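This is query05.cif. It holds mmCIF, C-alpha atoms.
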data_work
loop_
_atom_site.label_atom_id
_atom_site.label_comp_id
_atom_site.auth_asym_id
_atom_site.auth_seq_id
_atom_site.Cartn_x
_atom_site.Cartn_y
_atom_site.Cartn_z
CA MET A 1 -38.85 31.76 56.13
CA ILE A 2 -37.94 28.18 55.21
CA SER A 3 -39.09 25.67 57.74
CA ARG A 4 -36.64 23.23 59.35
CA GLY A 5 -38.47 20.30 57.74
CA GLN A 6 -38.08 21.75 54.24
CA ARG A 7 -34.37 22.34 54.80
CA ILE A 8 -33.91 18.74 55.97
CA LEU A 9 -35.84 17.52 52.90
CA PHE A 10 -33.71 19.69 50.57
CA TRP A 11 -30.41 18.46 51.97
CA THR A 12 -31.62 14.85 51.97
CA LEU A 13 -32.61 15.09 48.31
CA LEU A 14 -29.32 16.80 47.38
CA ILE A 15 -27.22 14.17 49.14
CA SER A 16 -29.31 11.40 47.55
CA SER A 17 -28.78 12.93 44.09
CA VAL A 18 -25.00 13.12 44.57
CA LEU A 19 -24.90 9.55 45.85
CA MET A 20 -26.93 8.30 42.89
CA ALA A 21 -24.65 10.15 40.46
CA VAL A 22 -21.58 8.56 42.04
CA VAL A 23 -23.15 5.09 41.89
CA LEU A 24 -24.16 5.56 38.23
CA LEU A 25 -20.66 6.73 37.26
CA ARG A 26 -19.12 3.74 39.01
CA MET A 27 -21.53 1.34 37.27
CA ARG A 28 -20.68 2.93 33.92
CA GLU A 29 -16.96 2.48 34.55
CA ARG A 30 -17.50 -1.17 35.47
CA ALA A 31 -19.53 -1.77 32.28
CA MET A 32 -16.77 -0.15 30.19
CA ASP A 33 -14.13 -2.31 31.88
CA ARG A 34 -16.16 -5.44 31.14
CA LEU A 35 -16.55 -4.39 27.50
CA LEU A 36 -12.83 -3.70 27.06
CA ALA A 37 -11.92 -6.94 28.80
CA SER A 38 -14.02 -8.87 26.29
CA GLY A 39 -11.70 -7.54 23.51
CA GLU A 40 -14.53 -6.50 21.25
CA THR A 41 -16.25 -3.16 21.30
CA MET A 42 -18.25 -3.68 18.15
CA PRO A 43 -21.91 -4.70 18.41
CA LEU A 44 -21.64 -8.09 16.80
CA ASN A 45 -24.49 -9.94 18.44
CA PRO A 46 -26.47 -11.73 15.75
CA PRO A 47 -29.84 -10.23 14.90
CA ALA A 48 -32.58 -12.16 16.64
CA GLY A 49 -34.48 -14.62 14.47
CA ARG A 50 -32.03 -14.59 11.55
CA PRO A 51 -30.63 -17.89 10.30
CA VAL A 52 -26.91 -18.46 10.62
CA GLN A 53 -25.11 -18.43 7.28
CA SER A 54 -21.67 -19.56 6.25
CA VAL A 55 -19.53 -16.72 4.92
CA THR A 56 -16.06 -16.74 3.39
CA MET A 57 -13.42 -14.48 4.92
CA MET A 58 -10.25 -13.90 2.90
CA MET A 59 -7.73 -13.78 5.73
CA ALA A 60 -4.34 -12.11 5.26
CA ASN A 61 -1.08 -13.46 6.61
CA ASP A 62 1.84 -11.04 7.00
CA MET A 63 4.49 -13.73 7.32
CA ASP A 64 4.02 -15.25 3.88
CA GLY A 65 2.11 -12.42 2.18
CA SER A 66 -0.83 -14.68 1.43
CA VAL A 67 -4.60 -14.22 1.58
CA GLN A 68 -6.40 -17.49 2.28
CA PRO A 69 -10.13 -18.28 2.54
CA ALA A 70 -11.66 -19.22 5.89
CA THR A 71 -15.32 -19.90 6.59
CA GLN A 72 -17.23 -18.42 9.50
CA ASN A 73 -20.87 -18.84 10.52
CA LEU A 74 -22.69 -15.56 11.05
CA ALA A 75 -26.28 -14.43 11.46
CA LEU A 76 -26.70 -11.78 8.81
CA PRO A 77 -29.30 -9.12 8.05
CA VAL A 78 -31.35 -9.33 4.84
CA ASP A 79 -30.25 -6.02 3.31
CA ALA A 80 -27.15 -6.52 1.13
CA ASN A 81 -25.41 -3.33 2.28
CA ALA A 82 -25.96 -4.17 5.95
CA ARG A 83 -24.86 -7.77 5.32
CA ALA A 84 -21.60 -6.60 3.72
CA HIS A 85 -21.07 -4.22 6.63
CA VAL A 86 -21.45 -7.00 9.20
CA ILE A 87 -19.14 -9.33 7.27
CA LEU A 88 -16.38 -6.70 7.01
CA GLN A 89 -16.76 -5.74 10.67
CA HIS A 90 -16.23 -9.40 11.61
CA LEU A 91 -13.22 -9.57 9.27
CA ILE A 92 -11.64 -6.57 10.99
CA VAL A 93 -12.47 -7.89 14.46
CA ASN A 94 -10.65 -11.11 13.51
CA TYR A 95 -7.53 -9.06 12.78
CA ALA A 96 -7.77 -7.33 16.19
CA ARG A 97 -7.83 -10.64 18.07
CA PRO A 98 -4.70 -11.81 19.92
CA GLY A 99 -2.54 -14.09 17.78
CA SER A 100 -3.77 -12.61 14.51
CA LYS A 101 -1.46 -13.24 11.57
CA HIS A 102 -2.28 -9.78 10.23
CA PRO A 103 -2.57 -7.70 13.40
CA ILE A 104 -4.53 -4.45 13.33
CA ALA A 105 -5.20 -2.71 16.63
CA GLU A 106 -8.78 -2.53 17.83
CA ASN A 107 -10.75 0.11 15.95
CA LYS A 108 -14.19 1.10 14.72
CA GLY A 109 -13.71 -0.67 11.38
CA VAL A 110 -16.00 0.24 8.53
CA ASN A 111 -18.51 3.10 8.72
CA GLU A 112 -20.71 1.94 5.87
CA ILE A 113 -20.77 0.10 2.55
CA PHE A 114 -22.74 1.17 -0.51
CA PHE A 115 -23.45 -0.95 -3.56
CA MET A 116 -23.99 0.87 -6.86
CA THR A 117 -25.02 -0.86 -10.07
CA LEU A 118 -22.87 0.02 -13.08
CA PRO A 119 -24.36 0.68 -16.54
CA LEU A 120 -24.69 -2.44 -18.68
CA GLU A 121 -21.89 -2.71 -21.24
CA ALA A 122 -22.17 -4.09 -24.76
CA ASN A 123 -20.89 -7.63 -24.06
CA GLN A 124 -22.42 -7.96 -20.59
CA VAL A 125 -25.54 -9.86 -19.61
CA VAL A 126 -25.53 -8.94 -15.93
CA PRO A 127 -24.48 -5.43 -14.93
CA GLY A 128 -21.50 -5.11 -12.59
CA THR A 129 -21.64 -3.55 -9.17
CA VAL A 130 -19.21 -1.17 -7.54
CA ALA A 131 -18.87 -1.43 -3.77
CA VAL A 132 -17.89 1.78 -1.99
CA VAL A 133 -16.28 0.95 1.35
CA ASP A 134 -16.25 3.87 3.78
CA LEU A 135 -13.49 3.12 6.30
CA SER A 136 -13.36 4.89 9.65
CA THR A 137 -10.49 7.18 10.59
CA SER A 138 -10.08 4.96 13.64
CA PHE A 139 -9.35 1.99 11.35
CA VAL A 140 -6.84 3.94 9.26
CA ASP A 141 -5.08 5.32 12.34
CA ALA A 142 -4.82 1.85 13.87
CA HIS A 143 -3.47 0.26 10.70
CA PRO A 144 0.25 -0.62 10.61
CA SER A 145 2.22 1.33 8.03
CA GLY A 146 3.89 -0.62 5.23
CA ILE A 147 3.26 -1.72 1.66
CA GLU A 148 2.71 -5.36 2.56
CA PRO A 149 0.27 -4.92 5.47
CA GLU A 150 -1.69 -2.22 3.64
CA THR A 151 -1.88 -4.14 0.37
CA LEU A 152 -2.93 -7.32 2.17
CA THR A 153 -5.70 -5.47 4.00
CA LEU A 154 -7.10 -4.10 0.75
CA LEU A 155 -6.87 -7.51 -0.94
CA SER A 156 -8.52 -9.12 2.08
CA ILE A 157 -11.45 -6.68 1.99
CA ILE A 158 -11.85 -6.89 -1.79
CA GLY A 159 -11.56 -10.68 -1.74
CA THR A 160 -14.05 -11.07 1.12
CA LEU A 161 -16.58 -8.83 -0.62
CA HIS A 162 -16.20 -10.68 -3.91
CA ALA A 163 -16.38 -14.10 -2.25
CA ASN A 164 -19.75 -13.26 -0.68
CA PHE A 165 -21.18 -10.91 -3.32
CA SER A 166 -20.15 -12.26 -6.72
CA GLN A 167 -21.85 -9.35 -8.54
CA ILE A 168 -19.18 -6.94 -7.24
CA SER A 169 -16.79 -6.05 -10.04
CA GLN A 170 -15.13 -2.93 -8.61
CA VAL A 171 -14.30 -1.62 -5.15
CA ARG A 172 -13.60 1.95 -4.08
CA PHE A 173 -12.39 3.13 -0.69
CA LEU A 174 -13.23 6.28 1.25
CA VAL A 175 -12.22 7.34 4.74
CA ASP A 176 -15.01 9.01 6.73
CA GLY A 177 -16.72 9.84 3.44
CA GLN A 178 -13.69 11.55 1.91
CA GLN A 179 -11.17 10.41 -0.67
CA ARG A 180 -7.74 9.79 0.85
CA ASP A 181 -4.41 9.24 -0.90
CA THR A 182 -3.19 6.20 0.99
CA LEU A 183 -4.33 3.76 3.65
CA ALA A 184 -1.44 4.32 6.07
CA GLY A 185 1.17 6.06 3.92
CA HIS A 186 1.59 3.49 1.13
CA ALA A 187 -1.25 1.61 -0.59
CA ASP A 188 -3.11 3.84 -3.06
CA LEU A 189 -6.71 4.54 -2.02
CA THR A 190 -7.47 6.87 -4.91
CA ARG A 191 -7.81 4.18 -7.56
CA ILE A 192 -10.70 1.89 -8.29
CA TYR A 193 -9.81 -1.71 -7.55
CA LEU A 194 -11.12 -4.47 -9.76
CA ALA A 195 -12.57 -7.48 -8.00
CA SER A 196 -10.32 -9.51 -10.28
CA ASP A 197 -7.38 -8.04 -8.29
CA ALA A 198 -8.53 -10.12 -5.34
CA PRO A 199 -6.71 -13.38 -4.64
CA GLY A 200 -8.40 -16.55 -5.77
CA VAL A 201 -10.69 -14.76 -8.22
CA LYS A 202 -10.80 -16.48 -11.55
CA HIS A 203 -13.18 -14.17 -13.35
CA LEU A 204 -14.50 -10.65 -13.32
CA MET B 205 -4.33 13.24 -17.61
CA ARG B 206 -0.57 13.42 -18.09
CA TRP B 207 1.13 11.56 -20.91
CA ILE B 208 4.69 10.47 -21.49
CA GLU B 209 6.20 10.27 -24.93
CA GLU B 210 8.54 7.36 -25.08
CA SER B 211 11.39 7.87 -27.59
CA ARG B 212 13.81 5.15 -26.71
CA LEU B 213 15.41 5.05 -30.15
CA ALA B 214 16.61 8.60 -29.78
CA GLY B 215 17.89 7.76 -26.34
CA GLY B 216 15.84 10.54 -24.83
CA CYS B 217 12.38 11.15 -23.52
CA LEU B 218 9.75 13.82 -23.43
CA ALA B 219 6.98 14.12 -20.93
CA ILE B 220 4.07 16.44 -21.49
CA GLY B 221 1.17 17.01 -19.23
CA LEU B 222 -1.83 19.12 -18.57
CA LEU B 223 0.41 21.99 -17.65
CA LEU B 224 2.19 21.61 -20.97
CA ARG B 225 5.46 21.54 -19.08
CA PRO B 226 7.95 19.79 -21.34
CA LEU B 227 10.68 17.74 -19.76
CA THR B 228 13.40 16.95 -22.22
CA CYS B 229 16.26 14.60 -21.68
CA SER B 230 19.69 16.13 -21.90
CA LEU B 231 21.02 13.60 -24.35
CA ALA B 232 22.73 14.39 -27.62
CA GLY B 233 20.43 14.22 -30.56
CA ALA B 234 17.28 15.07 -28.62
CA GLN B 235 17.15 18.58 -30.07
CA SER B 236 17.50 19.26 -33.77
CA PRO B 237 19.73 22.19 -34.84
CA PRO B 238 18.26 24.92 -37.03
CA ASN B 239 20.36 23.92 -40.07
CA PRO B 240 21.10 20.23 -39.83
CA PRO B 241 24.31 19.11 -41.54
CA PRO B 242 24.13 16.48 -44.25
CA ALA B 243 23.48 13.08 -42.77
CA PRO B 244 26.53 10.81 -42.68
CA PRO B 245 26.31 7.63 -44.72
CA ALA B 246 26.18 5.42 -41.65
CA VAL B 247 25.20 6.32 -38.12
CA VAL B 248 26.88 4.46 -35.30
CA ARG B 249 24.86 4.84 -32.17
CA PRO B 250 26.77 4.76 -28.90
CA ALA B 251 25.78 1.92 -26.63
CA PRO B 252 23.08 3.09 -24.25
CA ARG B 253 24.35 3.77 -20.78
CA PHE B 254 23.32 1.39 -17.99
CA ALA B 255 21.87 3.63 -15.31
CA VAL B 256 20.02 2.86 -12.11
CA VAL B 257 17.58 5.03 -10.18
CA ILE B 258 17.31 4.55 -6.42
CA ASP B 259 14.24 6.09 -4.86
CA ALA B 260 14.40 6.33 -1.06
CA ALA B 261 10.76 6.65 -0.07
CA HIS B 262 9.23 9.36 2.15
CA GLY B 263 11.39 12.21 3.51
CA GLY B 264 10.87 15.59 5.12
CA ALA B 265 7.60 15.81 7.03
CA ASP B 266 6.60 12.38 5.69
CA GLY B 267 8.42 10.06 8.05
CA GLY B 268 6.81 6.87 6.79
CA ALA B 269 6.43 3.99 9.24
CA ARG B 270 7.75 4.26 12.79
CA LEU B 271 10.10 1.28 12.90
CA SER B 272 11.18 1.77 16.53
CA ASP B 273 11.28 4.50 19.13
CA HIS B 274 14.32 6.03 17.47
CA LEU B 275 14.06 4.90 13.85
CA LEU B 276 11.78 6.20 11.13
CA GLU B 277 11.30 4.57 7.75
CA LYS B 278 12.52 7.68 5.90
CA ASP B 279 15.88 7.60 7.73
CA LEU B 280 16.49 3.89 7.27
CA VAL B 281 15.74 3.87 3.55
CA LEU B 282 17.89 6.97 3.00
CA SER B 283 20.79 5.24 4.72
CA LEU B 284 20.29 2.11 2.59
CA SER B 285 19.99 4.25 -0.55
CA VAL B 286 23.30 6.01 0.12
CA ARG B 287 25.08 2.73 0.83
CA LEU B 288 23.65 1.03 -2.25
CA ARG B 289 24.57 4.01 -4.43
CA SER B 290 28.15 3.92 -3.12
CA MET B 291 28.43 0.20 -3.75
CA LEU B 292 27.07 0.44 -7.29
CA SER B 293 29.17 3.50 -8.12
CA ALA B 294 32.25 1.59 -6.99
CA HIS B 295 31.38 -0.99 -9.63
CA GLY B 296 31.11 1.69 -12.32
CA ILE B 297 27.33 1.80 -12.49
CA ALA B 298 25.72 5.21 -13.00
CA VAL B 299 23.27 5.89 -10.19
CA THR B 300 20.68 8.62 -9.77
CA THR B 301 18.89 9.04 -6.45
CA THR B 302 15.62 10.83 -5.90
CA ARG B 303 16.87 12.29 -2.64
CA GLU B 304 20.22 12.55 -0.87
CA SER B 305 19.02 14.11 2.36
CA ASP B 306 15.97 14.29 4.60
CA SER B 307 14.02 16.30 2.06
CA ALA B 308 10.42 16.03 0.92
CA SER B 309 9.75 15.01 -2.67
CA THR B 310 6.40 14.41 -4.31
CA ALA B 311 5.54 11.26 -6.21
CA LEU B 312 5.39 13.38 -9.36
CA ASN B 313 8.93 14.70 -8.85
CA ARG B 314 10.27 11.24 -8.13
CA ALA B 315 8.73 9.82 -11.31
CA GLU B 316 10.00 12.76 -13.35
CA THR B 317 13.52 12.25 -12.00
CA ALA B 318 13.44 8.54 -12.76
CA ASN B 319 11.90 8.93 -16.21
CA HIS B 320 14.38 11.66 -17.18
CA VAL B 321 17.29 9.26 -16.64
CA GLY B 322 15.96 6.55 -18.95
CA ALA B 323 17.20 4.00 -16.43
CA ALA B 324 17.65 0.28 -16.93
CA ALA B 325 16.39 -0.33 -13.39
CA CYS B 326 14.42 1.70 -10.88
CA ILE B 327 14.39 0.63 -7.24
CA THR B 328 12.13 2.14 -4.62
CA LEU B 329 13.16 1.42 -1.03
CA HIS B 330 10.64 1.06 1.81
CA ALA B 331 10.67 -0.52 5.27
CA THR B 332 8.02 -1.89 7.62
CA THR B 333 7.75 -3.74 10.89
CA SER B 334 5.23 -6.24 9.49
CA GLY B 335 6.17 -9.59 8.00
CA SER B 336 9.63 -11.07 7.69
CA GLY B 337 12.60 -10.62 5.35
CA VAL B 338 12.24 -8.66 2.14
CA HIS B 339 9.02 -7.95 0.26
CA LEU B 340 9.39 -7.39 -3.47
CA PHE B 341 6.56 -5.60 -5.25
CA THR B 342 5.85 -4.82 -8.85
CA ALA B 343 2.98 -2.69 -10.13
CA SER B 344 -0.46 -4.28 -10.18
CA LEU B 345 -1.19 -2.62 -13.54
CA THR B 346 -2.39 -4.57 -16.54
CA PRO B 347 0.54 -5.12 -18.95
CA VAL B 348 0.27 -3.00 -22.10
CA PRO B 349 2.51 -2.77 -25.16
CA LEU B 350 5.16 -0.05 -25.19
CA THR B 351 3.86 2.78 -27.35
CA ARG B 352 5.00 6.27 -28.22
CA PHE B 353 2.63 7.85 -25.70
CA LEU B 354 1.87 6.33 -22.32
CA PRO B 355 -0.65 7.59 -19.76
CA TRP B 356 1.26 9.07 -16.85
CA GLU B 357 -0.74 7.25 -14.16
CA THR B 358 -0.25 3.80 -15.71
CA ALA B 359 3.02 4.14 -17.64
CA GLN B 360 4.61 1.29 -15.69
CA GLY B 361 2.18 -1.12 -17.36
CA ALA B 362 4.39 -1.04 -20.47
CA TYR B 363 7.33 -2.33 -18.40
CA ALA B 364 5.42 -5.01 -16.48
CA GLU B 365 7.30 -7.93 -18.00
CA GLN B 366 10.76 -6.38 -17.52
CA SER B 367 9.86 -5.40 -13.96
CA LEU B 368 8.93 -9.00 -13.17
CA ARG B 369 12.29 -10.15 -14.56
CA LEU B 370 14.09 -7.56 -12.43
CA SER B 371 12.09 -8.69 -9.40
CA SER B 372 13.18 -12.25 -10.15
CA GLU B 373 16.84 -11.12 -10.07
CA PHE B 374 16.31 -9.60 -6.62
CA ASP B 375 14.50 -12.72 -5.47
CA SER B 376 17.41 -14.92 -6.53
CA ALA B 377 19.98 -12.67 -4.87
CA MET B 378 18.04 -12.52 -1.59
CA THR B 379 17.48 -16.27 -1.57
CA HIS B 380 21.22 -16.72 -2.15
CA THR B 381 21.89 -14.74 1.04
CA GLU B 382 19.21 -16.73 2.90
CA ILE B 383 16.84 -13.79 3.35
CA PRO B 384 13.20 -14.86 2.98
CA VAL B 385 11.36 -13.10 0.17
CA THR B 386 7.68 -12.37 -0.33
CA LEU B 387 6.61 -11.45 -3.85
CA GLY B 388 3.58 -9.32 -4.56
CA ARG B 389 1.92 -6.67 -6.66
CA THR B 390 0.71 -3.36 -5.35
CA ALA B 391 -0.83 -0.03 -6.33
CA LEU B 392 1.70 2.58 -5.27
CA GLN B 393 2.83 5.99 -6.37
CA PRO B 394 5.26 6.83 -7.94
CA LEU B 395 5.84 3.22 -9.06
CA ASP B 396 2.90 3.26 -11.47
CA SER B 397 4.39 6.22 -13.37
CA PHE B 398 7.94 4.88 -13.80
CA THR B 399 9.02 4.28 -17.41
CA CYS B 400 11.70 1.76 -16.51
CA PRO B 401 11.84 -1.78 -15.14
CA ALA B 402 10.86 -1.00 -11.56
CA VAL B 403 10.69 -2.93 -8.30
CA VAL B 404 9.75 -1.84 -4.80
CA VAL B 405 11.98 -3.38 -2.14
CA GLU B 406 10.37 -3.32 1.30
CA ILE B 407 12.56 -4.44 4.16
CA SER B 408 11.12 -5.95 7.34
CA PRO B 409 12.66 -7.59 10.41
CA LEU B 410 14.05 -11.08 9.96
CA SER B 411 11.91 -13.46 12.02
CA GLY B 412 13.86 -16.62 12.73
CA THR B 413 12.96 -19.62 14.84
CA ALA B 414 15.08 -18.42 17.74
CA HIS B 415 15.00 -14.63 17.59
CA VAL B 416 14.07 -11.63 15.48
CA THR B 417 16.75 -9.62 13.68
CA ALA B 418 15.81 -5.97 13.93
CA LEU B 419 15.83 -3.59 10.99
CA SER B 420 18.41 -1.49 12.82
CA ASP B 421 20.92 -4.37 12.80
CA PRO B 422 23.87 -3.14 10.65
CA ALA B 423 24.85 -6.69 9.63
CA TYR B 424 21.32 -7.36 8.37
CA GLN B 425 21.32 -4.10 6.44
CA ASP B 426 24.72 -4.98 4.90
CA ARG B 427 23.37 -8.33 3.69
CA ILE B 428 20.42 -6.64 2.04
CA VAL B 429 22.51 -3.93 0.36
CA ALA B 430 25.02 -6.53 -0.86
CA ALA B 431 22.22 -8.70 -2.26
CA LEU B 432 20.63 -5.73 -4.03
CA ALA B 433 23.97 -4.73 -5.55
CA ALA B 434 24.64 -8.31 -6.70
CA ALA B 435 21.21 -8.46 -8.31
CA ILE B 436 21.75 -5.19 -10.17
CA GLU B 437 25.14 -6.34 -11.43
CA GLN B 438 23.50 -9.52 -12.71
CA TRP B 439 20.75 -7.42 -14.29
CA GLN B 440 23.45 -5.33 -15.98
CA ARG B 441 24.97 -8.47 -17.51
CA ASP B 442 21.53 -9.64 -18.70
CA TRP B 443 20.71 -6.15 -19.97
CA ARG B 444 23.85 -6.02 -22.16
CA GLN B 445 22.85 -9.29 -23.82
CA GLN B 446 19.44 -7.93 -24.76
CA PRO B 447 19.01 -7.03 -28.46
#

Show me this structure written as structure tokens.
Amino acid sequence: MISRGQRILFWTLLISSVLMAVVLLRMRERAMDRLLASGETMPLNPPAGRPVQSVTMMMANDMDGSVQPATQNLALPVDANARAHVILQHLIVNYARPGSKHPIAENKGVNEIFFMTLPLEANQVVPGTVAVVDLSTSFVDAHPSGIEPETLTLLSIIGTLHANFSQISQVRFLVDGQQRDTLAGHADLTRIYLASDAPGVKHL
Amino acid sequence: MRWIEESRLAGGCLAIGLLLRPLTCSLAGAQSPPNPPPAPPAVVRPAPRFAVVIDAAHGGADGGARLSDHLLEKDLVLSLSVRLRSMLSAHGIAVTTTRESDSASTALNRAETANHVGAAACITLHATTSGSGVHLFTASLTPVPLTRFLPWETAQGAYAEQSLRLSSEFDSAMTHTEIPVTLGRTALQPLDSFTCPAVVVEISPLSGTAHVTALSDPAYQDRIVAALAAAIEQWQRDWRQQP
């Protein structure tokens, strides 16, 4: 036999639980709305205690087919791979902003970047580095289809990497860790791009 | 790795690959008879034929870019390809197209078709909603001298200089019709495997100060086709003057 007091306690706790669940769901929806309204879903807050550095972004422009340098101040992590990741995420966020001259819809950007040192060749003093850029499927799906926009995106990424990491001599692209034929139906993602392909690069 | 044997003097070509699948050109003199007759004292070679390859990109399940709610890239470039072929044929220029209907074709097949013709110009047609006017692309390959054997993946490198000249002809013709042009280099299949002067023509809406001319505008399409035809006719005149 369950006493009347226990039944009242049970129903009170049950109603309280349902109410709390409703309140939590509503708070979550509000937080999501605030995040979407800000236009940026990527965690781009600078790491605490890191000095702000000036980085060069090679920004693409669809109207004249150019890629031009622009400087931006960012707080960057120490690790080179993480630093490259943050720089490219900021580059892609710039393209998702309203009024962008090379618009790409909001997306998750780059999953990860790996740097690999190449074997030293006969006439080299400093070994080259290949940067493997692992793009997200979200980025590829959001990218406009066309030779010009796709080529400019690749040149922008290659140029930005080379501008901030001069040791990079080659760049390869993956999508979610897998090789893919094209970025959005046109630009070849199977080949290895030389950093010298990037605009404004005068040397390898 | 696939290789292409370039035998321009014989007026033919032979492509061999990993599959050892020979592709011979159907031109006289490409095959030697079992008992060759005595050679004549002087051989007069017929003038090589001026032929153009038009490659309408995408097709079949590959629709390319979605240009509007009712227009896919594959349909627009096919329409432009058919109109350009008709215009060039009317001027007596031999034209080969990589597709005449909404059919799928691989990059390998497109390059094989183009290389089999031994064309004086290869044009790949694309369309996009980004940018303004016409984008002209040549291969981003490092120029290499024309040799007997060319790697399949980078064969276009031997035609880099001629492709730039052809691109310049298109640029002039477009500028003449007041269509803005953007020049660039790109890594694209099957362009990199073409053994002919090759240019990719990508058409985008015309963004003016007052309004935007859509890709579906027939008058805009006519201007582009007319400019391409004029450029190819000019290229034909230049081509005849080459040694």

Legend entry - Test item: the PyMOL selection byres ((chain A and resi 159) around 10) resolved as a list in words: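 Applied to this file, the PyMOL selection byres ((chain A and resi 159) around 10) selects Thr56, Met57, Met58, Met59, Val67, Gln68, Pro69, Thr153, Leu154, Leu155, Ser156, Ile157, Ile158, Thr160, Leu161, His162, Ala163, Asn164, Phe165, Ala195, Ser196, Asp197, Ala198, Pro199, Gly200 and Val201 of chain A.
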
Residues of chain A were defined as contacting chain B if any atom lay at most 6 Å from it, counting all atoms listed in the file; please report them as a CSV table (one decimal) with C-alpha atoms, in the coordinates of the input.
chain,number,residue,atom,x,y,z
A,62,ASP,CA,1.8,-11.0,7.0
A,63,MET,CA,4.5,-13.7,7.3
A,145,SER,CA,2.2,1.3,8.0
A,146,GLY,CA,3.9,-0.6,5.2
A,187,ALA,CA,-1.2,1.6,-0.6
A,188,ASP,CA,-3.1,3.8,-3.1

Legend entry - atom CA of Val338 of chain B to atom CA of Gln360 of chain B, straight-line distance in Å: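 These two atoms are separated by 21.8 Å.
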
Can you pull out the residues contacting segment 22-39 of chain A? Cut-off 10 Å, using all atoms listed in the file, and skip same-chain residues under 4 positions away; I want them as an mmCIF file with C-alpha atoms, in the frame of the given file.
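Writing done, so here's result_16.cif:
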data_model
loop_
_atom_site.group_PDB
_atom_site.id
_atom_site.type_symbol
_atom_site.label_atom_id
_atom_site.label_comp_id
_atom_site.auth_asym_id
_atom_site.auth_seq_id
_atom_site.Cartn_x
_atom_site.Cartn_y
_atom_site.Cartn_z
ATOM 1 C CA SER A 16 -29.310 11.400 47.550
ATOM 2 C CA SER A 17 -28.780 12.930 44.090
ATOM 3 C CA VAL A 18 -25.000 13.120 44.570
ATOM 4 C CA VAL A 93 -12.470 -7.890 14.460
ATOM 5 C CA ALA A 96 -7.770 -7.330 16.190
ATOM 6 C CA ARG A 97 -7.830 -10.640 18.070
ATOM 7 C CA PRO A 98 -4.700 -11.810 19.920
ATOM 8 C CA GLU A 106 -8.780 -2.530 17.830
#

Inset, instruction - Apply the PyMOL selection byres ((chain B and resi 399) around 12) to the file shown and report the selected residues as a PyMOL selection string. - result: chain B and resi 207-212+216-219+257+314-326+343+350-364+366-367+394-398+400-403

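Proximity to Leu280 of chain B was assessed for B:Ser420, B:Ala435, B:Arg444, B:Thr310 counting only C-alpha atoms; the smallest distance is recorded for B:Ser420.
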
Inset, instruction - Name the residues in contact with Thr117 of chain A at a cut-off of 8 Å, using all atoms listed in the file, excluding same-chain residues fewer than 4 positions from it; report them as a list in words. - result: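 Final neighbour list, sorted by chain and number: Pro127, Gly128, Thr129 and Val130 of chain A.
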
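A straight line drawn from atom CA of Leu292 of chain B to atom CA of His380 of chain B is 18.8 Å long.
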
Inset, instruction - Considering only C-alpha atoms, state which residue in the set B:Val429, B:Ile327, B:Leu282, B:Val348 is at the smallest distance from Met378 of chain B. - result: B:Val429

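The smallest atom-to-atom distance between Asn111 of chain A and any of A:Gly5, A:Gly99, A:Gly185, A:Gly177, using all atoms listed in the file, is found for A:Gly177.
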
Inset, instruction - Using the chain letters and residue numbers of this document, give as a PyMOL selection string the residues selected by the PyMOL selection byres ((chain B and resi 301) around 9). - result: chain B and resi 256-260+285-286+289+299-300+302-304+317-318

Could the residues in this selection be written to a file with C-alpha atoms, as a CSV table (one decimal), in the coordinates of the input?
chain,number,residue,atom,x,y,z
B,256,VAL,CA,20.0,2.9,-12.1
B,257,VAL,CA,17.6,5.0,-10.2
B,258,ILE,CA,17.3,4.6,-6.4
B,259,ASP,CA,14.2,6.1,-4.9
B,260,ALA,CA,14.4,6.3,-1.1
B,285,SER,CA,20.0,4.2,-0.6
B,286,VAL,CA,23.3,6.0,0.1
B,289,ARG,CA,24.6,4.0,-4.4
B,299,VAL,CA,23.3,5.9,-10.2
B,300,THR,CA,20.7,8.6,-9.8
B,302,THR,CA,15.6,10.8,-5.9
B,303,ARG,CA,16.9,12.3,-2.6
B,304,GLU,CA,20.2,12.6,-0.9
B,317,THR,CA,13.5,12.2,-12.0
B,318,ALA,CA,13.4,8.5,-12.8

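Our summary of the geometry notes that atom CA of Ala434 of chain B is positioned 23.7 Å from atom CA of Lys278 of chain B.
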
Legend entry - Of the listed residues B:Thr342, B:Thr328, B:Ser272, B:Gln445, that which approaches Leu370 of chain B most closely, counting only C-alpha atoms: B:Thr342

Legend entry - Proximity to Tyr95 of chain A - best of A:Thr137, A:Gln53, A:Asn61, A:Gln179, all atoms listed in the file: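 When distances to Tyr95 of chain A are compared using all atoms listed in the file, the smallest one comes from A:Asn61.
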